[in-house]
>>> print(open('model.cif').read())   # mmCIF, C-alpha atoms
data_work
#
loop_
_atom_site.label_atom_id
_atom_site.label_comp_id
_atom_site.auth_asym_id
_atom_site.auth_seq_id
_atom_site.Cartn_x
_atom_site.Cartn_y
_atom_site.Cartn_z
CA MET H 1 -113.33 -86.42 36.95
CA ALA H 2 -113.00 -83.76 39.65
CA VAL H 3 -110.51 -81.00 38.97
CA THR H 4 -108.95 -78.92 41.74
CA ARG H 5 -109.05 -75.26 40.76
CA PRO H 6 -105.79 -73.30 41.12
CA GLY H 7 -105.36 -71.63 44.45
CA ARG H 8 -107.75 -74.00 46.27
CA LEU H 9 -106.38 -76.15 49.04
CA PRO H 10 -107.15 -79.83 48.30
CA GLY H 11 -109.37 -81.41 50.89
CA ARG H 12 -110.78 -78.10 52.17
CA HIS H 13 -114.48 -77.34 52.01
CA ARG H 14 -115.78 -74.38 50.07
CA ARG H 15 -116.35 -71.34 52.13
CA SER H 16 -117.57 -67.83 51.68
CA PRO H 17 -114.90 -65.18 51.22
CA GLU H 18 -116.57 -63.38 54.16
CA SER H 19 -114.68 -65.84 56.37
CA GLN H 20 -111.14 -64.60 56.82
CA ALA H 21 -108.16 -66.44 55.40
CA THR H 22 -105.11 -67.04 57.56
CA TYR H 23 -101.51 -66.45 56.55
CA GLY H 24 -100.78 -70.12 57.23
CA GLU H 25 -103.23 -71.42 54.65
CA VAL H 26 -102.00 -68.90 52.09
CA ILE H 27 -98.37 -69.93 52.62
CA ALA H 28 -99.45 -73.58 52.27
CA ILE H 29 -100.29 -72.94 48.61
CA GLY H 30 -97.19 -73.90 46.64
CA GLU H 31 -97.69 -71.52 43.73
CA PHE H 32 -98.04 -68.57 46.07
CA ARG H 33 -94.85 -69.59 47.87
CA ALA H 34 -93.02 -69.59 44.57
CA LEU H 35 -94.26 -66.09 43.69
CA TRP H 36 -93.55 -64.85 47.21
CA VAL H 37 -90.03 -66.26 47.55
CA GLY H 38 -89.05 -65.23 44.03
CA GLN H 39 -90.30 -61.71 44.62
CA CYS H 40 -88.45 -61.39 47.95
CA LEU H 41 -85.22 -62.69 46.47
CA SER H 42 -85.39 -60.40 43.46
CA LEU H 43 -86.34 -57.36 45.56
CA LEU H 44 -83.46 -57.95 47.96
CA GLY H 45 -81.08 -58.09 45.00
CA ASP H 46 -82.57 -54.88 43.59
CA GLN H 47 -82.05 -53.02 46.88
CA LEU H 48 -78.43 -54.15 46.86
CA ALA H 49 -78.06 -53.08 43.23
CA GLN H 50 -79.47 -49.61 43.93
CA VAL H 51 -76.80 -49.02 46.57
CA ALA H 52 -74.10 -50.42 44.27
CA LEU H 53 -75.26 -48.36 41.31
CA ALA H 54 -75.38 -45.11 43.28
CA LEU H 55 -71.86 -45.65 44.60
CA LEU H 56 -70.59 -46.74 41.20
CA VAL H 57 -72.01 -43.74 39.34
CA PHE H 58 -70.72 -41.27 41.93
CA GLU H 59 -67.30 -42.93 41.89
CA ARG H 60 -67.10 -42.62 38.10
CA THR H 61 -68.52 -39.12 37.71
CA ARG H 62 -68.08 -37.43 41.12
CA SER H 63 -71.33 -35.71 40.19
CA PRO H 64 -74.34 -35.64 42.55
CA LEU H 65 -76.49 -34.63 39.56
CA ALA H 66 -75.42 -37.68 37.56
CA THR H 67 -76.04 -39.92 40.57
CA ALA H 68 -79.52 -38.47 41.08
CA GLY H 69 -80.18 -38.65 37.34
CA VAL H 70 -79.44 -42.37 37.19
CA TYR H 71 -81.69 -42.90 40.21
CA ALA H 72 -84.44 -40.96 38.43
CA LEU H 73 -84.20 -43.49 35.60
CA THR H 74 -85.84 -46.00 37.96
CA TYR H 75 -89.05 -43.89 37.89
CA LEU H 76 -89.17 -42.88 34.23
CA PRO H 77 -89.45 -46.21 32.33
CA PRO H 78 -92.62 -47.53 34.04
CA ILE H 79 -94.33 -44.17 33.56
CA VAL H 80 -93.36 -43.91 29.90
CA GLY H 81 -93.52 -47.52 28.74
CA GLY H 82 -95.46 -49.25 31.49
CA PRO H 83 -98.98 -48.80 30.10
CA LEU H 84 -97.88 -50.12 26.70
CA LEU H 85 -95.83 -53.14 27.83
CA ALA H 86 -98.25 -54.15 30.59
CA GLY H 87 -100.60 -55.38 27.86
CA LEU H 88 -98.20 -58.24 27.17
CA ALA H 89 -99.56 -59.86 30.35
CA ASP H 90 -102.98 -60.10 28.66
CA ARG H 91 -101.61 -61.40 25.37
CA TYR H 92 -99.17 -64.14 26.41
CA ALA H 93 -99.03 -66.71 29.20
CA ARG H 94 -98.29 -64.76 32.37
CA ARG H 95 -95.84 -67.29 33.80
CA GLN H 96 -93.90 -67.17 30.54
CA ILE H 97 -93.81 -63.36 30.60
CA MET H 98 -92.36 -63.38 34.12
CA ILE H 99 -89.67 -65.95 33.35
CA VAL H 100 -88.59 -64.20 30.14
CA CYS H 101 -88.43 -60.83 31.93
CA ASP H 102 -86.36 -62.30 34.77
CA LEU H 103 -83.85 -63.94 32.43
CA THR H 104 -83.56 -60.84 30.25
CA ARG H 105 -82.99 -58.63 33.30
CA ALA H 106 -80.37 -61.08 34.55
CA LEU H 107 -78.49 -60.65 31.27
CA LEU H 108 -78.77 -56.85 31.30
CA VAL H 109 -77.68 -56.51 34.94
CA GLY H 110 -74.83 -58.91 34.21
CA LEU H 111 -73.65 -56.51 31.49
CA MET H 112 -73.88 -53.64 33.99
CA ALA H 113 -71.44 -55.57 36.19
CA VAL H 114 -68.72 -55.38 33.50
CA PRO H 115 -66.16 -52.82 34.82
CA THR H 116 -65.38 -51.42 31.38
CA MET H 117 -68.99 -50.66 30.51
CA PRO H 118 -69.23 -47.00 29.26
CA PHE H 119 -71.39 -44.70 31.36
CA PRO H 120 -73.99 -43.92 28.61
CA VAL H 121 -74.43 -47.65 27.98
CA LEU H 122 -74.79 -48.21 31.72
CA CYS H 123 -77.64 -45.67 31.80
CA ALA H 124 -79.33 -47.36 28.85
CA LEU H 125 -79.07 -50.73 30.58
CA VAL H 126 -80.62 -49.30 33.75
CA PHE H 127 -83.51 -47.91 31.71
CA CYS H 128 -84.15 -51.27 30.01
CA VAL H 129 -83.93 -53.25 33.25
CA VAL H 130 -86.51 -51.05 34.96
CA LEU H 131 -88.70 -50.99 31.84
CA LEU H 132 -88.97 -54.78 31.94
CA SER H 133 -90.35 -54.58 35.47
CA SER H 134 -93.63 -53.27 34.00
CA PRO H 135 -94.75 -56.43 32.14
CA PHE H 136 -93.34 -58.58 34.96
CA THR H 137 -95.30 -56.73 37.65
CA ALA H 138 -98.46 -56.67 35.54
CA ALA H 139 -98.21 -60.42 34.88
CA ARG H 140 -97.64 -61.21 38.56
CA ALA H 141 -100.51 -58.96 39.66
CA ALA H 142 -102.86 -60.57 37.13
CA LEU H 143 -101.73 -64.10 38.05
CA LEU H 144 -102.11 -63.74 41.82
CA PRO H 145 -105.97 -63.69 41.81
CA GLU H 146 -105.89 -66.96 39.83
CA ILE H 147 -103.76 -68.57 42.53
CA LEU H 148 -105.45 -67.02 45.56
CA GLU H 149 -109.24 -66.81 45.53
CA GLY H 150 -111.59 -64.93 47.83
CA ASP H 151 -110.08 -63.59 51.04
CA ARG H 152 -106.89 -65.55 50.43
CA TYR H 153 -106.06 -62.89 47.84
CA VAL H 154 -106.23 -60.16 50.50
CA ALA H 155 -104.20 -62.23 52.97
CA GLY H 156 -101.60 -62.99 50.31
CA SER H 157 -101.43 -59.35 49.21
CA ALA H 158 -100.99 -58.26 52.83
CA LEU H 159 -98.24 -60.82 53.34
CA GLN H 160 -96.44 -59.63 50.21
CA ASN H 161 -96.86 -56.00 51.24
CA MET H 162 -95.42 -56.59 54.71
CA THR H 163 -92.57 -58.67 53.33
CA ASN H 164 -91.74 -56.06 50.69
CA GLN H 165 -91.52 -53.32 53.30
CA GLY H 166 -89.29 -55.48 55.49
CA VAL H 167 -87.05 -56.52 52.59
CA GLN H 168 -86.65 -52.90 51.49
CA MET H 169 -85.63 -51.78 54.95
CA LEU H 170 -83.24 -54.74 55.29
CA GLY H 171 -81.85 -54.25 51.79
CA PHE H 172 -81.01 -50.58 52.26
CA ALA H 173 -79.69 -51.14 55.78
CA ALA H 174 -77.43 -54.04 54.85
CA GLY H 175 -76.65 -52.98 51.29
CA ALA H 176 -73.88 -50.54 52.13
CA GLY H 177 -72.10 -53.10 54.30
CA VAL H 178 -72.35 -55.80 51.64
CA ILE H 179 -71.11 -53.50 48.88
CA ALA H 180 -68.24 -52.35 51.10
CA THR H 181 -67.25 -56.00 51.45
CA ILE H 182 -67.67 -57.37 47.92
CA GLY H 183 -67.54 -54.19 45.78
CA ALA H 184 -70.09 -52.50 43.52
CA TYR H 185 -69.51 -54.67 40.45
CA ARG H 186 -69.88 -57.91 42.37
CA GLY H 187 -72.99 -56.47 43.97
CA LEU H 188 -74.51 -55.99 40.51
CA ALA H 189 -73.46 -59.50 39.56
CA LEU H 190 -75.21 -60.79 42.67
CA ASP H 191 -78.37 -58.98 41.60
CA ALA H 192 -78.17 -60.75 38.22
CA VAL H 193 -78.00 -64.08 40.06
CA THR H 194 -81.18 -63.25 42.01
CA PHE H 195 -83.04 -62.75 38.72
CA VAL H 196 -81.89 -66.17 37.50
CA ALA H 197 -82.93 -67.73 40.80
CA SER H 198 -86.34 -66.05 40.58
CA ALA H 199 -86.87 -67.42 37.05
CA LEU H 200 -85.97 -70.94 38.19
CA ILE H 201 -88.34 -70.72 41.17
CA LEU H 202 -91.17 -69.59 38.89
CA ALA H 203 -90.44 -72.31 36.35
CA VAL H 204 -90.52 -75.02 39.00
CA GLY H 205 -93.13 -73.68 41.43
CA VAL H 206 -95.81 -72.12 39.18
CA ARG H 207 -97.76 -74.35 36.83
CA ARG H 208 -98.27 -73.58 33.16
CA ARG H 209 -101.44 -71.72 32.22
CA PRO H 210 -102.63 -70.75 28.74
CA ALA H 211 -102.59 -67.16 27.60
CA PRO H 212 -105.74 -65.19 28.42
CA ASP H 213 -108.45 -65.41 25.77
CA PRO H 214 -108.96 -62.16 23.84
CA GLU H 215 -112.51 -60.83 24.06
CA ASP H 216 -113.01 -60.74 20.27
CA ASP H 217 -110.91 -63.84 19.48
CA THR H 218 -108.31 -61.66 17.75
CA HIS H 219 -105.12 -60.10 19.05
CA THR H 220 -105.18 -56.35 18.56
CA SER H 221 -102.13 -54.10 18.46
CA MET H 222 -100.34 -53.07 21.65
CA TRP H 223 -101.48 -49.48 21.22
CA ALA H 224 -105.10 -50.57 20.74
CA MET H 225 -104.86 -52.72 23.88
CA THR H 226 -103.50 -49.74 25.82
CA LYS H 227 -106.38 -47.51 24.70
CA ALA H 228 -108.89 -50.25 25.49
CA GLY H 229 -107.36 -50.66 28.94
CA ALA H 230 -107.60 -46.92 29.59
CA ARG H 231 -111.26 -46.95 28.53
CA LEU H 232 -111.92 -49.89 30.84
CA VAL H 233 -110.23 -48.33 33.87
CA PHE H 234 -111.40 -44.75 33.48
CA GLY H 235 -114.76 -45.40 31.83
CA ASP H 236 -116.18 -47.25 34.84
CA ARG H 237 -117.02 -45.09 37.86
CA ARG H 238 -116.15 -47.84 40.35
CA LEU H 239 -112.76 -48.51 38.78
CA ARG H 240 -112.06 -44.81 38.37
CA THR H 241 -112.70 -44.24 42.08
CA LEU H 242 -110.53 -47.20 43.08
CA VAL H 243 -107.68 -45.98 40.88
CA LEU H 244 -107.85 -42.55 42.48
CA PHE H 245 -107.74 -44.24 45.89
CA ALA H 246 -104.50 -45.93 44.81
CA TRP H 247 -103.01 -42.68 43.51
CA LEU H 248 -103.83 -40.91 46.77
CA CYS H 249 -100.44 -42.15 47.95
CA GLY H 250 -98.92 -39.17 46.14
CA PHE H 251 -99.95 -37.09 49.16
CA TYR H 252 -98.92 -39.32 52.04
CA VAL H 253 -95.57 -40.52 50.65
CA LEU H 254 -94.42 -36.92 50.18
CA PRO H 255 -92.89 -36.70 53.71
CA GLU H 256 -90.47 -39.52 52.91
CA GLY H 257 -89.11 -37.49 49.99
CA ILE H 258 -88.19 -34.56 52.27
CA ALA H 259 -87.09 -36.63 55.28
CA VAL H 260 -83.55 -35.21 55.20
CA PRO H 261 -84.51 -31.50 55.41
CA TYR H 262 -87.16 -32.41 57.98
CA ALA H 263 -84.52 -34.16 60.08
CA ALA H 264 -82.32 -31.08 59.80
CA THR H 265 -85.02 -29.05 61.56
CA LEU H 266 -84.89 -31.47 64.50
CA SER H 267 -81.12 -31.66 65.01
CA ASP H 268 -78.02 -29.58 64.34
CA ASP H 269 -75.65 -32.52 64.68
CA PRO H 270 -74.80 -34.16 61.31
CA ARG H 271 -74.82 -37.59 62.91
CA GLY H 272 -78.14 -36.81 64.53
CA VAL H 273 -79.59 -35.74 61.19
CA THR H 274 -78.51 -39.05 59.65
CA LEU H 275 -80.08 -41.05 62.47
CA ILE H 276 -83.32 -39.05 62.46
CA THR H 277 -83.56 -39.37 58.67
CA GLY H 278 -83.43 -43.13 59.00
CA LEU H 279 -86.10 -43.11 61.70
CA LEU H 280 -88.38 -40.85 59.65
CA MET H 281 -88.03 -42.93 56.49
CA ALA H 282 -88.76 -46.10 58.44
CA ALA H 283 -91.82 -44.67 60.21
CA MET H 284 -94.42 -45.01 57.45
CA PRO H 285 -93.27 -48.47 56.30
CA THR H 286 -93.50 -49.58 59.93
CA GLY H 287 -97.05 -48.25 60.15
CA THR H 288 -97.93 -49.90 56.85
CA VAL H 289 -96.74 -53.29 58.11
CA LEU H 290 -98.76 -52.90 61.33
CA GLY H 291 -101.84 -51.66 59.48
CA ALA H 292 -101.70 -54.37 56.82
CA PHE H 293 -101.45 -57.08 59.47
CA ALA H 294 -104.33 -55.75 61.58
CA PHE H 295 -106.56 -54.81 58.62
CA SER H 296 -106.21 -58.20 56.90
CA ARG H 297 -106.25 -60.33 60.04
CA PHE H 298 -108.89 -58.75 62.27
CA VAL H 299 -111.32 -57.00 59.89
CA ALA H 300 -113.83 -59.02 57.86
CA PRO H 301 -113.74 -58.69 54.05
CA THR H 302 -116.89 -56.57 53.79
CA GLY H 303 -115.78 -54.58 56.82
CA ARG H 304 -112.63 -53.57 54.94
CA LEU H 305 -114.73 -52.27 52.07
CA HIS H 306 -116.88 -50.26 54.47
CA ALA H 307 -113.83 -48.85 56.29
CA MET H 308 -111.78 -48.06 53.19
CA GLY H 309 -112.78 -44.40 52.98
CA TRP H 310 -112.07 -43.75 56.65
CA MET H 311 -108.72 -45.52 56.43
CA ALA H 312 -107.79 -43.44 53.39
CA MET H 313 -108.50 -40.28 55.37
CA LEU H 314 -106.38 -41.65 58.23
CA SER H 315 -103.44 -42.02 55.81
CA CYS H 316 -103.34 -38.22 55.42
CA ALA H 317 -104.97 -36.62 58.48
CA PRO H 318 -102.13 -37.22 61.01
CA LEU H 319 -99.68 -35.32 58.81
CA ILE H 320 -101.57 -32.09 59.50
CA GLY H 321 -100.19 -32.26 63.06
CA CYS H 322 -96.71 -31.48 61.72
CA ALA H 323 -97.85 -27.85 61.34
CA MET H 324 -97.38 -27.52 65.12
CA ARG H 325 -93.66 -28.41 64.74
CA PRO H 326 -93.86 -31.20 67.34
CA PRO H 327 -90.80 -33.04 68.76
CA LEU H 328 -89.34 -36.12 67.08
CA ALA H 329 -91.31 -38.67 69.11
CA VAL H 330 -94.62 -37.06 68.13
CA VAL H 331 -93.58 -36.76 64.47
CA LEU H 332 -92.71 -40.46 64.38
CA ALA H 333 -96.06 -41.34 65.97
CA LEU H 334 -97.93 -39.21 63.41
CA TRP H 335 -96.09 -40.73 60.48
CA ILE H 336 -96.56 -44.29 61.79
CA LEU H 337 -100.29 -43.61 62.20
CA ALA H 338 -100.44 -42.34 58.61
CA GLY H 339 -98.74 -45.56 57.52
CA VAL H 340 -101.39 -47.59 59.36
CA GLY H 341 -104.08 -45.75 57.39
CA GLY H 342 -102.32 -46.66 54.16
CA ALA H 343 -103.46 -50.26 54.69
CA TYR H 344 -106.70 -49.27 52.94
CA GLN H 345 -104.83 -50.06 49.71
CA LEU H 346 -105.41 -53.77 50.45
CA ALA H 347 -109.17 -53.29 50.25
CA ALA H 348 -108.88 -51.07 47.17
CA ASN H 349 -106.73 -53.68 45.45
CA ALA H 350 -109.17 -56.50 46.26
CA ALA H 351 -112.12 -54.44 45.04
CA PHE H 352 -110.24 -53.61 41.84
CA VAL H 353 -109.72 -57.32 41.17
CA GLN H 354 -113.45 -57.92 41.64
CA CYS H 355 -114.32 -55.33 38.99
CA VAL H 356 -111.76 -56.11 36.24
CA PRO H 357 -112.29 -59.06 33.85
CA ALA H 358 -109.61 -61.74 34.30
CA ASN H 359 -108.35 -61.38 30.72
CA ARG H 360 -107.86 -57.61 31.12
CA ARG H 361 -106.10 -57.53 34.50
CA GLY H 362 -102.57 -57.23 33.18
CA GLN H 363 -103.26 -54.03 31.24
CA ALA H 364 -105.41 -52.60 34.05
CA PHE H 365 -102.81 -53.23 36.75
CA GLY H 366 -100.08 -51.83 34.50
CA LEU H 367 -101.95 -48.55 34.02
CA VAL H 368 -102.58 -48.21 37.75
CA GLN H 369 -98.94 -48.95 38.59
CA SER H 370 -97.66 -46.39 36.12
CA GLY H 371 -99.95 -43.72 37.54
CA LEU H 372 -98.89 -44.74 41.05
CA LEU H 373 -95.24 -44.10 40.26
CA ALA H 374 -96.09 -40.83 38.54
CA ALA H 375 -98.11 -39.68 41.57
CA GLN H 376 -95.24 -40.51 43.90
CA GLY H 377 -92.60 -38.86 41.74
CA ILE H 378 -94.63 -35.71 41.10
CA GLY H 379 -95.63 -35.45 44.75
CA ILE H 380 -92.03 -35.70 45.92
CA LEU H 381 -90.83 -33.16 43.35
CA ILE H 382 -93.53 -30.64 44.32
CA GLY H 383 -92.87 -31.28 48.00
CA GLY H 384 -89.14 -30.71 47.60
CA ALA H 385 -89.65 -27.44 45.75
CA ALA H 386 -92.22 -26.22 48.29
CA ALA H 387 -90.06 -27.24 51.26
CA GLN H 388 -87.21 -25.15 49.93
CA ALA H 389 -89.45 -22.06 50.06
CA LEU H 390 -91.70 -22.79 53.06
CA GLY H 391 -89.81 -25.31 55.15
CA PRO H 392 -90.57 -29.03 55.52
CA GLU H 393 -93.08 -28.92 58.41
CA PRO H 394 -95.73 -26.74 56.72
CA VAL H 395 -95.31 -28.65 53.46
CA VAL H 396 -95.98 -31.99 55.19
CA ALA H 397 -99.02 -30.44 56.89
CA LEU H 398 -100.31 -29.01 53.60
CA ALA H 399 -99.87 -32.39 51.91
CA GLY H 400 -101.86 -33.98 54.72
CA ALA H 401 -104.65 -31.40 54.46
CA ALA H 402 -104.87 -31.67 50.67
CA GLY H 403 -104.80 -35.47 50.84
CA LEU H 404 -107.48 -35.50 53.52
CA SER H 405 -109.75 -33.35 51.33
CA VAL H 406 -109.29 -35.65 48.34
CA ALA H 407 -109.74 -38.76 50.50
CA ALA H 408 -112.99 -37.40 51.93
CA LEU H 409 -114.32 -36.79 48.41
CA LEU H 410 -113.30 -40.29 47.31
CA ALA H 411 -114.92 -41.76 50.42
CA MET H 412 -118.24 -40.16 49.43
CA LEU H 413 -117.92 -41.43 45.85
CA TRP H 414 -117.02 -44.89 47.14
CA THR H 415 -120.12 -45.01 49.36
CA GLU H 416 -122.25 -44.66 46.23
CA SER H 417 -120.51 -47.41 44.26
CA ARG H 418 -119.43 -50.04 46.80
CA THR H 419 -122.79 -51.84 47.19
CA GLU H 420 -122.38 -54.13 44.19
CA ILE H 421 -118.86 -55.15 45.19
CA ILE H 422 -119.88 -55.87 48.78
CA THR H 423 -122.79 -58.00 47.52
CA ARG H 424 -120.41 -59.91 45.26
CA VAL H 425 -118.01 -60.56 48.14
CA ARG H 426 -120.85 -61.85 50.34
CA THR H 427 -122.35 -64.17 47.71
CA GLN H 428 -119.24 -65.47 45.92
CA VAL H 429 -117.90 -68.83 47.11
CA THR H 430 -114.39 -70.11 46.57
#
>>> encode(input="model.cif", output="structure tokens")
Amino acid sequence: MAVTRPGRLPGRHRRSPESQATYGEVIAIGEFRALWVGQCLSLLGDQLAQVALALLVFERTRSPLATAGVYALTYLPPIVGGPLLAGLADRYARRQIMIVCDLTRALLVGLMAVPTMPFPVLCALVFCVVLLSSPFTAARAALLPEILEGDRYVAGSALQNMTNQGVQMLGFAAGAGVIATIGAYRGLALDAVTFVASALILAVGVRRRPAPDPEDDTHTSMWAMTKAGARLVFGDRRLRTLVLFAWLCGFYVLPEGIAVPYAATLSDDPRGVTLITGLLMAAMPTGTVLGAFAFSRFVAPTGRLHAMGWMAMLSCAPLIGCAMRPPLAVVLALWILAGVGGAYQLAANAAFVQCVPANRRGQAFGLVQSGLLAAQGIGILIGGAAAQALGPEPVVALAGAAGLSVAALLAMLWTESRTEIITRVRTQVT
């Protein structure tokens, strides 16, 4: 009896992953649609909740420090607990992990929407909600290659990336207006509803799969799994290089963290500063959307692997031009171009999937994601401190120069280790 493998379109012939997948055939896969729609819905609710939470905390405390502190809680949990909890995605069924995380977060966010909730409890709830995103994200990242095989994985990742950027921009842009209409508490309640909806979509649209098989037929402790995952990721030269490619974003996201002081150097009008800040913060996501579309649609799979080093250098090199203190139009063009270069992450992600065993992907993706957040947070903190002393333009230029140097080194390392992956992409059939 013939069995259709997950992620394969019934009735389609096998083909080499060297042939490029289209967005249409990826969207035609029902399980991917469920992951995609659920993710978009949940992310839109989260953007709304971030606006509501910031307004709610400031309204209660009238303290900018407290408001910033609660926002910082969204970075801390994945860095602290992410590597440990991500291993759950390699121990239990990944669909089950995602549904349980969604329902638990719905309950916690629902408690946050209670007007009488004390402020310390509110902070604890925020911490727990964000902490649960680690096993959820790890499970989704590990499940996606099982649903989308070959170049469909790259096309699906690109589609998710572009959608995420668009949803984030829409969520922040519309969030203030929605919260002004329905209030902060109802905004949090609406976020809880999106988690419930996401869980229902996953339950209906994603089929059951067994838990990954442990390599030694025994379930080790969470701490042992974390150490084994670290040995896997950092003990292999190919994986180590790919992880460093992912963490390179700590250099090229730095400008977004100092967009406000940068805007202040371009305008003396408070309204102008607000408008320019919005344009600057939207520049790199715009470039990322354009780059992801072009890189996934018009470049062959092996071509992406060949071009990855150059694209990584492109993600940082344009920022050096900010040292000349150019006008706004040129700054936006430079930042958009850097965002285009950031599309190399699609190739790095696909190569990472090729190198990691299927039953270890959850832990591996969790470790990479935690380091990614740490790189972004540390980069922004260093950039903010340096901008206060040197000014934003030279700091952006220095970040670009440092990132370019690191990217060039990684490109040389990648040239030495990419041959096996390229051969695998050429010979594998889906």
>>> resolve_selection(input="model.cif", expression="the PyMOL selection byres ((chain H and resi 22) around 10)", output="ChimeraX atom specification")
/H:19-21,23-27,151-152,154-156,296-297
>>> closest_residue(input="model.cif", among="H:Ala387, H:Val260, H:Leu53, H:Ala199", to="H:Gly272", atoms="all atoms listed in the file")
H:Val260
>>> residues_around(input="model.cif", residues="H:Ile258", least_positions_apart="2", cutoff="8 Å", atoms="all atoms listed in the file", output="VMD selection string")
chain H and resid 254 to 256 260 to 262 380 383 to 384 387 392
>>> write_last_selection(input="model.cif", atoms="C-alpha atoms", output="short mmCIF file (atom, residue, chain, number, x, y, z; two decimals), in the frame of the given file")
data_model
loop_
_atom_site.label_atom_id
_atom_site.label_comp_id
_atom_site.auth_asym_id
_atom_site.auth_seq_id
_atom_site.Cartn_x
_atom_site.Cartn_y
_atom_site.Cartn_z
CA LEU H 254 -94.42 -36.92 50.18
CA PRO H 255 -92.89 -36.70 53.71
CA GLU H 256 -90.47 -39.52 52.91
CA VAL H 260 -83.55 -35.21 55.20
CA PRO H 261 -84.51 -31.50 55.41
CA TYR H 262 -87.16 -32.41 57.98
CA ILE H 380 -92.03 -35.70 45.92
CA GLY H 383 -92.87 -31.28 48.00
CA GLY H 384 -89.14 -30.71 47.60
CA ALA H 387 -90.06 -27.24 51.26
CA PRO H 392 -90.57 -29.03 55.52
#
>>> closest_residue(input="model.cif", among="H:Met162, H:Ile276, H:Val289, H:Ala211", to="H:Tyr92", atoms="all atoms listed in the file")
H:Ala211
>>> resolve_selection(input="model.cif", expression="the PyMOL selection byres ((chain H and resi 35) around 10)", output="PyMOL selection string")
chain H and resi 30-34+36-40+140+143-144+147+160+198+201-202+205-206
>>> atom_distance(input="model.cif", atom1="atom CA of H:Gly81", atom2="atom CA of H:Thr104")
16.7 Å
>>> closest_residue(input="model.cif", among="H:Gly321, H:Gly87, H:Pro77, H:Gly291", to="H:Gly362", atoms="only C-alpha atoms")
H:Gly87
>>> residues_around(input="model.cif", residues="H:Gly342", least_positions_apart="6", cutoff="10 Å", atoms="all atoms listed in the file", output="PyMOL selection string")
chain H and resi 246+248-249+252-253+284-285+287-289+291-292+308+311-316+336
>>> write_last_selection(input="model.cif", atoms="C-alpha atoms", output="PDB file, keeping the file's coordinate frame")
ATOM      1  CA  ALA H 246    -104.500 -45.930  44.810  1.00  0.00           C
ATOM      2  CA  LEU H 248    -103.830 -40.910  46.770  1.00  0.00           C
ATOM      3  CA  CYS H 249    -100.440 -42.150  47.950  1.00  0.00           C
ATOM      4  CA  TYR H 252     -98.920 -39.320  52.040  1.00  0.00           C
ATOM      5  CA  VAL H 253     -95.570 -40.520  50.650  1.00  0.00           C
ATOM      6  CA  MET H 284     -94.420 -45.010  57.450  1.00  0.00           C
ATOM      7  CA  PRO H 285     -93.270 -48.470  56.300  1.00  0.00           C
ATOM      8  CA  GLY H 287     -97.050 -48.250  60.150  1.00  0.00           C
ATOM      9  CA  THR H 288     -97.930 -49.900  56.850  1.00  0.00           C
ATOM     10  CA  VAL H 289     -96.740 -53.290  58.110  1.00  0.00           C
ATOM     11  CA  GLY H 291    -101.840 -51.660  59.480  1.00  0.00           C
ATOM     12  CA  ALA H 292    -101.700 -54.370  56.820  1.00  0.00           C
ATOM     13  CA  MET H 308    -111.780 -48.060  53.190  1.00  0.00           C
ATOM     14  CA  MET H 311    -108.720 -45.520  56.430  1.00  0.00           C
ATOM     15  CA  ALA H 312    -107.790 -43.440  53.390  1.00  0.00           C
ATOM     16  CA  MET H 313    -108.500 -40.280  55.370  1.00  0.00           C
ATOM     17  CA  LEU H 314    -106.380 -41.650  58.230  1.00  0.00           C
ATOM     18  CA  SER H 315    -103.440 -42.020  55.810  1.00  0.00           C
ATOM     19  CA  CYS H 316    -103.340 -38.220  55.420  1.00  0.00           C
ATOM     20  CA  ILE H 336     -96.560 -44.290  61.790  1.00  0.00           C
TER      21      ILE H 336
END
>>> atom_distance(input="model.cif", atom1="atom CA of H:Asn164", atom2="atom CA of H:Ala282")
13.0 Å
>>> closest_residue(input="model.cif", among="H:Ile378, H:Ala408, H:Ile29, H:Leu84", to="H:Gln363", atoms="all atoms listed in the file")
H:Leu84
>>> resolve_selection(input="model.cif", expression="the PyMOL selection byres ((chain H and resi 209) around 12)", output="MDAnalysis selection string")
chainID H and resid 5:6 92:97 143 146:147 203 206:208 210:213
>>> closest_residue(input="model.cif", among="H:Glu393, H:Asp90, H:Glu149, H:Asp269", to="H:Pro357", atoms="all atoms listed in the file")
H:Asp90
>>> residues_near_point(input="model.cif", point="(-115.1, -52.1, 49.1)", cutoff="7 Å", atoms="only C-alpha atoms", output="ChimeraX atom specification")
/H:302,304-306,308,347-348,351,418,421-422
>>> atom_distance(input="model.cif", atom1="atom CA of H:Leu398", atom2="atom CA of H:Ala386")
10.1 Å
